[in-house]
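Raw contents of query_10.cif, mmCIF, C-alpha atoms:
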data_run
#
loop_
_atom_site.label_atom_id
_atom_site.label_comp_id
_atom_site.auth_asym_id
_atom_site.auth_seq_id
_atom_site.Cartn_x
_atom_site.Cartn_y
_atom_site.Cartn_z
CA MET A 1 14.02 -15.16 5.47
CA SER A 2 16.18 -16.83 8.12
CA GLN A 3 15.20 -16.93 11.80
CA ASP A 4 18.10 -14.58 12.62
CA THR A 5 16.89 -12.12 10.02
CA LYS A 6 13.36 -12.33 11.40
CA THR A 7 14.58 -11.70 14.93
CA ASN A 8 16.64 -8.71 13.86
CA ALA A 9 13.76 -7.34 11.81
CA ILE A 10 11.62 -6.93 14.93
CA MET A 11 14.03 -4.24 16.06
CA PRO A 12 13.34 -0.57 15.24
CA ASP A 13 15.72 -0.59 12.25
CA ASP A 14 13.27 -2.79 10.30
CA THR A 15 12.54 -0.71 7.20
CA LEU A 16 10.51 -0.97 4.01
CA THR A 17 12.71 -0.87 0.91
CA VAL A 18 11.15 -0.07 -2.46
CA ALA A 19 13.28 0.43 -5.56
CA GLY A 20 16.34 0.93 -3.37
CA ARG A 21 14.67 3.60 -1.23
CA GLN A 22 14.19 3.01 2.48
CA PHE A 23 11.15 4.03 4.49
CA LYS A 24 10.85 3.67 8.26
CA SER A 25 7.07 3.34 8.08
CA ARG A 26 5.30 0.45 6.38
CA LEU A 27 2.07 2.46 6.27
CA ILE A 28 1.26 4.63 3.25
CA ILE A 29 -1.72 6.98 3.22
CA GLY A 30 -3.55 8.88 0.50
CA THR A 31 -4.38 12.53 -0.01
CA GLY A 32 -8.04 12.35 -0.97
CA LYS A 33 -11.43 12.64 0.79
CA TYR A 34 -10.11 14.60 3.75
CA ALA A 35 -12.02 17.65 4.94
CA SER A 36 -8.96 19.75 4.13
CA TYR A 37 -5.26 19.47 3.32
CA ALA A 38 -4.62 20.60 6.89
CA GLN A 39 -6.53 17.60 8.24
CA ASN A 40 -4.67 15.37 5.78
CA ALA A 41 -1.37 16.69 7.14
CA GLU A 42 -2.48 16.11 10.72
CA ALA A 43 -3.40 12.52 9.85
CA ALA A 44 -0.02 11.95 8.19
CA GLU A 45 1.68 13.24 11.33
CA ALA A 46 -0.42 10.97 13.59
CA ALA A 47 0.20 7.95 11.35
CA ASP A 48 3.94 8.77 11.28
CA VAL A 49 4.20 7.93 7.57
CA ASP A 50 7.00 8.67 5.12
CA MET A 51 5.06 8.33 1.87
CA VAL A 52 1.74 9.72 0.61
CA THR A 53 -0.03 8.92 -2.64
CA VAL A 54 -1.06 11.84 -4.81
CA ALA A 55 -3.90 11.51 -7.32
CA LEU A 56 -2.55 13.81 -10.00
CA ARG A 57 -5.98 14.57 -11.46
CA ARG A 58 -7.59 15.48 -8.15
CA VAL A 59 -4.96 17.23 -6.02
CA ASN A 60 -3.87 20.82 -6.41
CA LEU A 61 -0.09 20.90 -6.65
CA SER A 62 0.57 24.11 -8.55
CA ASN A 63 -2.31 26.61 -8.50
CA SER A 64 -1.15 29.22 -5.99
CA ASP A 65 -4.57 30.89 -6.01
CA GLU A 66 -5.97 27.90 -4.11
CA ASP A 67 -4.88 25.83 -1.14
CA ARG A 68 -2.10 23.48 -2.28
CA LEU A 69 -1.14 20.07 -0.94
CA GLY A 70 2.53 21.05 -0.69
CA ASP A 71 1.66 23.91 1.67
CA HIS A 72 0.63 21.32 4.26
CA LEU A 73 2.48 18.10 3.38
CA SER A 74 5.95 19.22 2.45
CA PRO A 75 7.59 17.16 -0.34
CA ALA A 76 10.83 17.72 1.56
CA ARG A 77 9.44 15.62 4.41
CA TYR A 78 7.11 13.19 2.63
CA THR A 79 7.83 11.13 -0.46
CA TYR A 80 5.10 11.89 -2.96
CA LEU A 81 3.88 8.83 -4.82
CA PRO A 82 2.00 10.07 -7.91
CA ASN A 83 -0.79 7.74 -8.94
CA THR A 84 -3.05 7.33 -11.94
CA ALA A 85 -6.40 7.24 -10.13
CA GLY A 86 -9.18 7.76 -12.64
CA CYS A 87 -7.32 6.26 -15.61
CA PHE A 88 -9.13 3.53 -17.55
CA THR A 89 -6.61 2.73 -20.31
CA ALA A 90 -2.91 2.00 -20.42
CA ASP A 91 -2.25 4.94 -22.74
CA GLU A 92 -4.05 7.32 -20.39
CA ALA A 93 -2.06 6.11 -17.39
CA VAL A 94 1.28 6.32 -19.19
CA ARG A 95 0.56 9.81 -20.45
CA THR A 96 -0.48 10.98 -16.96
CA LEU A 97 2.73 9.76 -15.35
CA LYS A 98 4.94 11.17 -18.08
CA LEU A 99 3.35 14.58 -17.48
CA ALA A 100 3.93 14.11 -13.74
CA ARG A 101 7.60 13.40 -14.28
CA GLU A 102 7.97 16.51 -16.40
CA ALA A 103 6.21 18.59 -13.74
CA GLY A 104 7.78 17.22 -10.58
CA GLY A 105 10.63 14.93 -11.57
CA TRP A 106 8.93 11.87 -10.06
CA ASP A 107 10.01 8.45 -11.24
CA LEU A 108 8.72 6.32 -8.34
CA VAL A 109 5.03 6.06 -9.16
CA LYS A 110 1.89 4.11 -8.39
CA LEU A 111 0.14 2.66 -11.41
CA GLU A 112 -3.55 1.83 -11.45
CA VAL A 113 -5.65 1.21 -14.55
CA LEU A 114 -9.31 0.71 -13.69
CA ALA A 115 -11.86 -1.47 -15.47
CA ASP A 116 -15.11 0.35 -14.61
CA GLN A 117 -16.56 3.10 -12.44
CA LYS A 118 -18.79 0.83 -10.35
CA THR A 119 -16.15 -1.50 -8.91
CA LEU A 120 -12.91 0.38 -9.61
CA TYR A 121 -11.47 -3.09 -10.13
CA PRO A 122 -8.12 -3.13 -11.95
CA ASP A 123 -8.09 -3.94 -15.66
CA MET A 124 -5.21 -6.38 -15.54
CA PRO A 125 -4.32 -6.63 -19.27
CA GLU A 126 -4.20 -2.82 -19.50
CA THR A 127 -2.29 -2.61 -16.21
CA LEU A 128 0.39 -5.00 -17.47
CA LYS A 129 0.61 -3.11 -20.77
CA ALA A 130 1.06 0.21 -18.96
CA ALA A 131 3.61 -1.23 -16.53
CA GLU A 132 5.77 -2.57 -19.35
CA ALA A 133 5.69 0.79 -21.14
CA LEU A 134 6.54 2.78 -18.01
CA ILE A 135 9.39 0.48 -17.00
CA ARG A 136 10.90 0.74 -20.49
CA ASP A 137 10.79 4.51 -20.01
CA GLY A 138 12.71 4.40 -16.72
CA PHE A 139 9.92 4.57 -14.16
CA GLU A 140 9.97 2.60 -10.90
CA VAL A 141 6.44 1.20 -10.82
CA MET A 142 4.44 0.24 -7.76
CA VAL A 143 1.38 -1.41 -9.22
CA TYR A 144 -2.21 -1.78 -7.99
CA CYS A 145 -3.55 -5.14 -9.08
CA SER A 146 -6.10 -7.85 -8.43
CA ASP A 147 -5.32 -10.56 -5.88
CA ASP A 148 -4.45 -12.96 -8.71
CA PRO A 149 -1.08 -14.64 -8.06
CA VAL A 150 -0.56 -15.29 -11.79
CA TYR A 151 -0.88 -11.64 -12.78
CA ALA A 152 1.14 -10.61 -9.72
CA ARG A 153 3.98 -12.81 -10.95
CA ARG A 154 3.74 -11.39 -14.47
CA LEU A 155 3.93 -7.84 -13.13
CA GLU A 156 7.00 -8.70 -11.09
CA GLU A 157 8.61 -10.39 -14.10
CA ALA A 158 7.91 -7.21 -16.10
CA GLY A 159 10.05 -5.33 -13.57
CA CYS A 160 7.58 -3.71 -11.16
CA ALA A 161 9.16 -2.41 -7.96
CA ALA A 162 6.24 -3.41 -5.72
CA ILE A 163 3.11 -5.48 -6.12
CA MET A 164 -0.03 -3.96 -4.58
CA PRO A 165 -2.93 -6.43 -4.54
CA LEU A 166 -6.31 -5.21 -3.40
CA GLY A 167 -7.67 -6.43 -0.08
CA SER A 168 -11.16 -5.67 -1.38
CA LEU A 169 -12.73 -2.98 -3.55
CA ILE A 170 -11.38 0.58 -3.31
CA GLY A 171 -13.16 2.56 -0.61
CA SER A 172 -15.30 -0.41 0.48
CA GLY A 173 -13.82 -0.98 3.94
CA LEU A 174 -14.55 -4.70 3.57
CA GLY A 175 -11.10 -5.77 4.72
CA ILE A 176 -9.04 -8.68 3.39
CA GLN A 177 -11.51 -10.82 1.45
CA ASN A 178 -9.07 -13.37 0.05
CA PRO A 179 -6.25 -14.02 2.54
CA VAL A 180 -5.24 -17.23 0.76
CA ASN A 181 -4.39 -15.42 -2.48
CA ILE A 182 -2.65 -12.59 -0.64
CA ARG A 183 -0.46 -15.13 1.15
CA LEU A 184 0.31 -16.90 -2.15
CA ILE A 185 1.42 -13.58 -3.65
CA VAL A 186 3.60 -12.87 -0.61
CA GLU A 187 5.25 -16.30 -0.77
CA GLN A 188 6.15 -16.04 -4.47
CA SER A 189 7.25 -12.40 -4.60
CA ARG A 190 10.79 -11.10 -4.37
CA VAL A 191 9.68 -7.46 -4.36
CA PRO A 192 7.58 -5.80 -1.64
CA VAL A 193 3.91 -6.74 -1.45
CA ILE A 194 1.70 -3.91 -0.19
CA VAL A 195 -2.03 -4.38 0.32
CA ASP A 196 -3.80 -1.53 -1.43
CA ALA A 197 -7.55 -0.90 -1.10
CA GLY A 198 -10.31 -2.23 1.10
CA VAL A 199 -8.87 -1.66 4.58
CA GLY A 200 -11.61 -0.36 6.88
CA THR A 201 -10.19 -0.50 10.38
CA ALA A 202 -7.05 -1.32 12.34
CA SER A 203 -7.66 -5.07 12.49
CA ASP A 204 -7.72 -5.21 8.66
CA ALA A 205 -4.28 -3.59 8.52
CA ALA A 206 -2.95 -5.97 11.17
CA ILE A 207 -4.27 -8.98 9.24
CA ALA A 208 -2.54 -7.81 6.06
CA MET A 209 0.74 -7.53 7.91
CA GLU A 210 0.27 -10.87 9.71
CA LEU A 211 -0.08 -12.49 6.27
CA GLY A 212 3.47 -11.33 5.56
CA CYS A 213 2.76 -8.24 3.50
CA ASP A 214 5.50 -5.62 3.53
CA GLY A 215 3.14 -2.70 3.92
CA VAL A 216 -0.40 -1.35 3.70
CA LEU A 217 -1.76 1.58 1.70
CA MET A 218 -5.04 3.21 2.69
CA ASN A 219 -7.01 6.39 2.23
CA THR A 220 -10.75 6.12 2.92
CA ALA A 221 -10.31 4.15 6.15
CA ILE A 222 -8.66 7.19 7.72
CA ALA A 223 -10.27 10.05 5.80
CA GLU A 224 -13.85 8.87 6.39
CA ALA A 225 -13.43 7.72 10.00
CA ARG A 226 -15.44 9.61 12.60
CA ASP A 227 -12.10 10.76 14.01
CA PRO A 228 -9.54 10.67 11.17
CA ILE A 229 -6.62 11.61 13.40
CA GLY A 230 -7.46 8.95 15.96
CA MET A 231 -7.83 6.35 13.20
CA ALA A 232 -4.50 7.38 11.67
CA ARG A 233 -2.86 6.78 15.01
CA ALA A 234 -4.60 3.39 15.33
CA MET A 235 -3.43 2.37 11.85
CA LYS A 236 0.15 3.18 12.74
CA HIS A 237 0.07 0.80 15.69
CA ALA A 238 -1.87 -1.88 13.78
CA VAL A 239 0.75 -2.06 11.04
CA ILE A 240 3.57 -2.26 13.59
CA ALA A 241 1.77 -4.93 15.65
CA GLY A 242 0.89 -7.00 12.59
CA ARG A 243 4.45 -6.85 11.31
CA GLN A 244 5.93 -7.89 14.64
CA ALA A 245 3.40 -10.73 15.02
CA TYR A 246 4.33 -12.05 11.57
CA LEU A 247 8.04 -11.91 12.30
CA ALA A 248 7.62 -13.48 15.74
CA GLY A 249 5.66 -16.39 14.27
CA ARG A 250 2.20 -17.22 15.56
CA MET A 251 1.45 -20.40 17.50
CA GLY A 252 0.00 -23.32 15.63
CA LYS A 253 -3.76 -23.78 15.61
CA LYS A 254 -5.02 -26.81 17.51
CA ARG A 255 -8.27 -28.73 17.46
CA TYR A 256 -8.49 -29.13 21.24
CA ALA A 257 -7.56 -27.25 24.38
CA ASP A 258 -3.97 -27.22 25.57
CA PRO A 259 -3.43 -26.09 29.19
CA SER A 260 -1.23 -23.06 29.68
CA SER A 261 0.43 -24.69 32.70
CA PRO A 262 1.73 -28.29 32.68
CA LEU A 263 -0.44 -30.71 34.64
CA ALA A 264 2.21 -33.41 35.18
CA GLY A 265 3.43 -33.77 38.76
CA LEU A 266 0.56 -31.83 40.34
CA ILE A 267 -1.23 -33.21 43.40
#
Kindly transcribe the structure held in the file into structure tokens.
Amino acid sequence: MSQDTKTNAIMPDDTLTVAGRQFKSRLIIGTGKYASYAQNAEAAEAADVDMVTVALRRVNLSNSDEDRLGDHLSPARYTYLPNTAGCFTADEAVRTLKLAREAGGWDLVKLEVLADQKTLYPDMPETLKAAEALIRDGFEVMVYCSDDPVYARRLEEAGCAAIMPLGSLIGSGLGIQNPVNIRLIVEQSRVPVIVDAGVGTASDAAIAMELGCDGVLMNTAIAEARDPIGMARAMKHAVIAGRQAYLAGRMGKKRYADPSSPLAGLI
């Protein structure tokens, strides 16, 4: 990215582009663990997001006898990003998203294939297998993955629309545990890199953006905060601040003090 591009990107027209679709917000939130869909909607409003992830196996989209997500977060206003939370094989994930496309016409999707219940760590061979199958079938795949630059590159080469490395384990709130690998993934990628999982507070989101990530996805950090609406608002500003700090370019680190005011010529 040239310096001119960086300078221009600090302006309000700086947008996140995924699979040719533009989003004004670089923050994506989930639709799980909230006290209610109404609270979820209030958090989305406070965070000023454009996109929400939808765990197809856990969210009520169609049963009119119960409270439905769409009654609170209108799909006309928010881009729904169906995800495969709870899937542990490639075949299971592919089948889930094909059913989602038949039901709602979605082709921009979030793929996650988990290795085990304890860590919810991604099973990378199964993830790559599922991604290749979905892309062949016309899906635009945003993919949850480990912070392994080699697998991230393979997923991009397979045609994924966005790479989504974990900051730390899903729901852990441990923050960015491996900033070196995240930065390596950012530097090699030609598609958006969005940190997914592990964010616990606003500083974690800012760090992800300062590393050069294109966005941050979170759920638990907002839903399980003491004040979810207040945290949603904080996350909005953290993502903006981190993005602008990255584009502005931080000062170099120094081993010794450097006076803020020149000393030469003083009495």
Let me make sure I understand: among A:Lys110, A:Arg21, A:Lys33, A:Lys98, which one has the smallest atom-to-atom distance to Ala85 of chain A if we use only C-alpha atoms?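 Once distances to Ala85 of chain A are computed over only C-alpha atoms, the minimum belongs to A:Lys110.
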Can you list every residue of segment 8-96 of chain A that has an atom at most 12 Å from segment 236-241 of chain A, with its nearest atom pair and the distance in Å to one decimal, using all atoms listed in the file, ordered by chain then number, as CSV?
residue,atom,partner,partner_atom,distance
A:Ala9,CA,A:Ile240,CA,11.5
A:Ile10,CA,A:Ile240,CA,9.4
A:Met11,CA,A:Ile240,CA,10.9
A:Pro12,CA,A:Ile240,CA,10.1
A:Asp14,CA,A:Ile240,CA,10.3
A:Thr15,CA,A:Ile240,CA,11.1
A:Leu16,CA,A:Ile240,CA,11.9
A:Lys24,CA,A:Ile240,CA,10.8
A:Ser25,CA,A:Lys236,CA,8.3
A:Arg26,CA,A:Val239,CA,7.0
A:Leu27,CA,A:Val239,CA,6.7
A:Ile28,CA,A:Lys236,CA,9.7
A:Ile29,CA,A:Lys236,CA,10.4
A:Ala43,CA,A:Lys236,CA,10.4
A:Ala44,CA,A:Lys236,CA,9.9
A:Glu45,CA,A:Lys236,CA,10.3
A:Ala46,CA,A:Lys236,CA,7.9
A:Ala47,CA,A:Lys236,CA,5.0
A:Asp48,CA,A:Lys236,CA,6.9
A:Val49,CA,A:Lys236,CA,8.1
A:Asp50,CA,A:Lys236,CA,11.6
All residues 10 Å or closer to Pro82 of chain A, all atoms listed in the file, same chain fewer than 4 positions away omitted, as a list in words: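 Here the qualifying residues turn out to be Val52, Thr53, Val54, Ala55, Leu56, Arg57, Thr96, Leu97, Ala100, Arg101, Gly104, Trp106, Asp107, Leu108, Val109, Lys110 and Leu111 of chain A.
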Return the padded bounding box of segment 228-243 of chain A as AutoDock Vina command-line options: axis-aligned, built from all atoms listed in the file, 8 Å added on each side, with centre and edge lengths in Å to one decimal.
--center_x -2.5 --center_y 2.3 --center_z 13.5 --size_x 30.0 --size_y 34.6 --size_z 20.9
Do you have the atom CA of Gly242 of chain A-atom CA of Gly30 of chain A distance handy?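 Between atom CA of Gly242 of chain A and atom CA of Gly30 of chain A the gap is 20.4 Å.
Excluding Val18 of chain A and any residue on its chain fewer than 4 positions from it, the residues at most 8 Å away by all atoms listed in the file are A:Gln22, A:Ala161, A:Ala162, A:Val191, A:Pro192.
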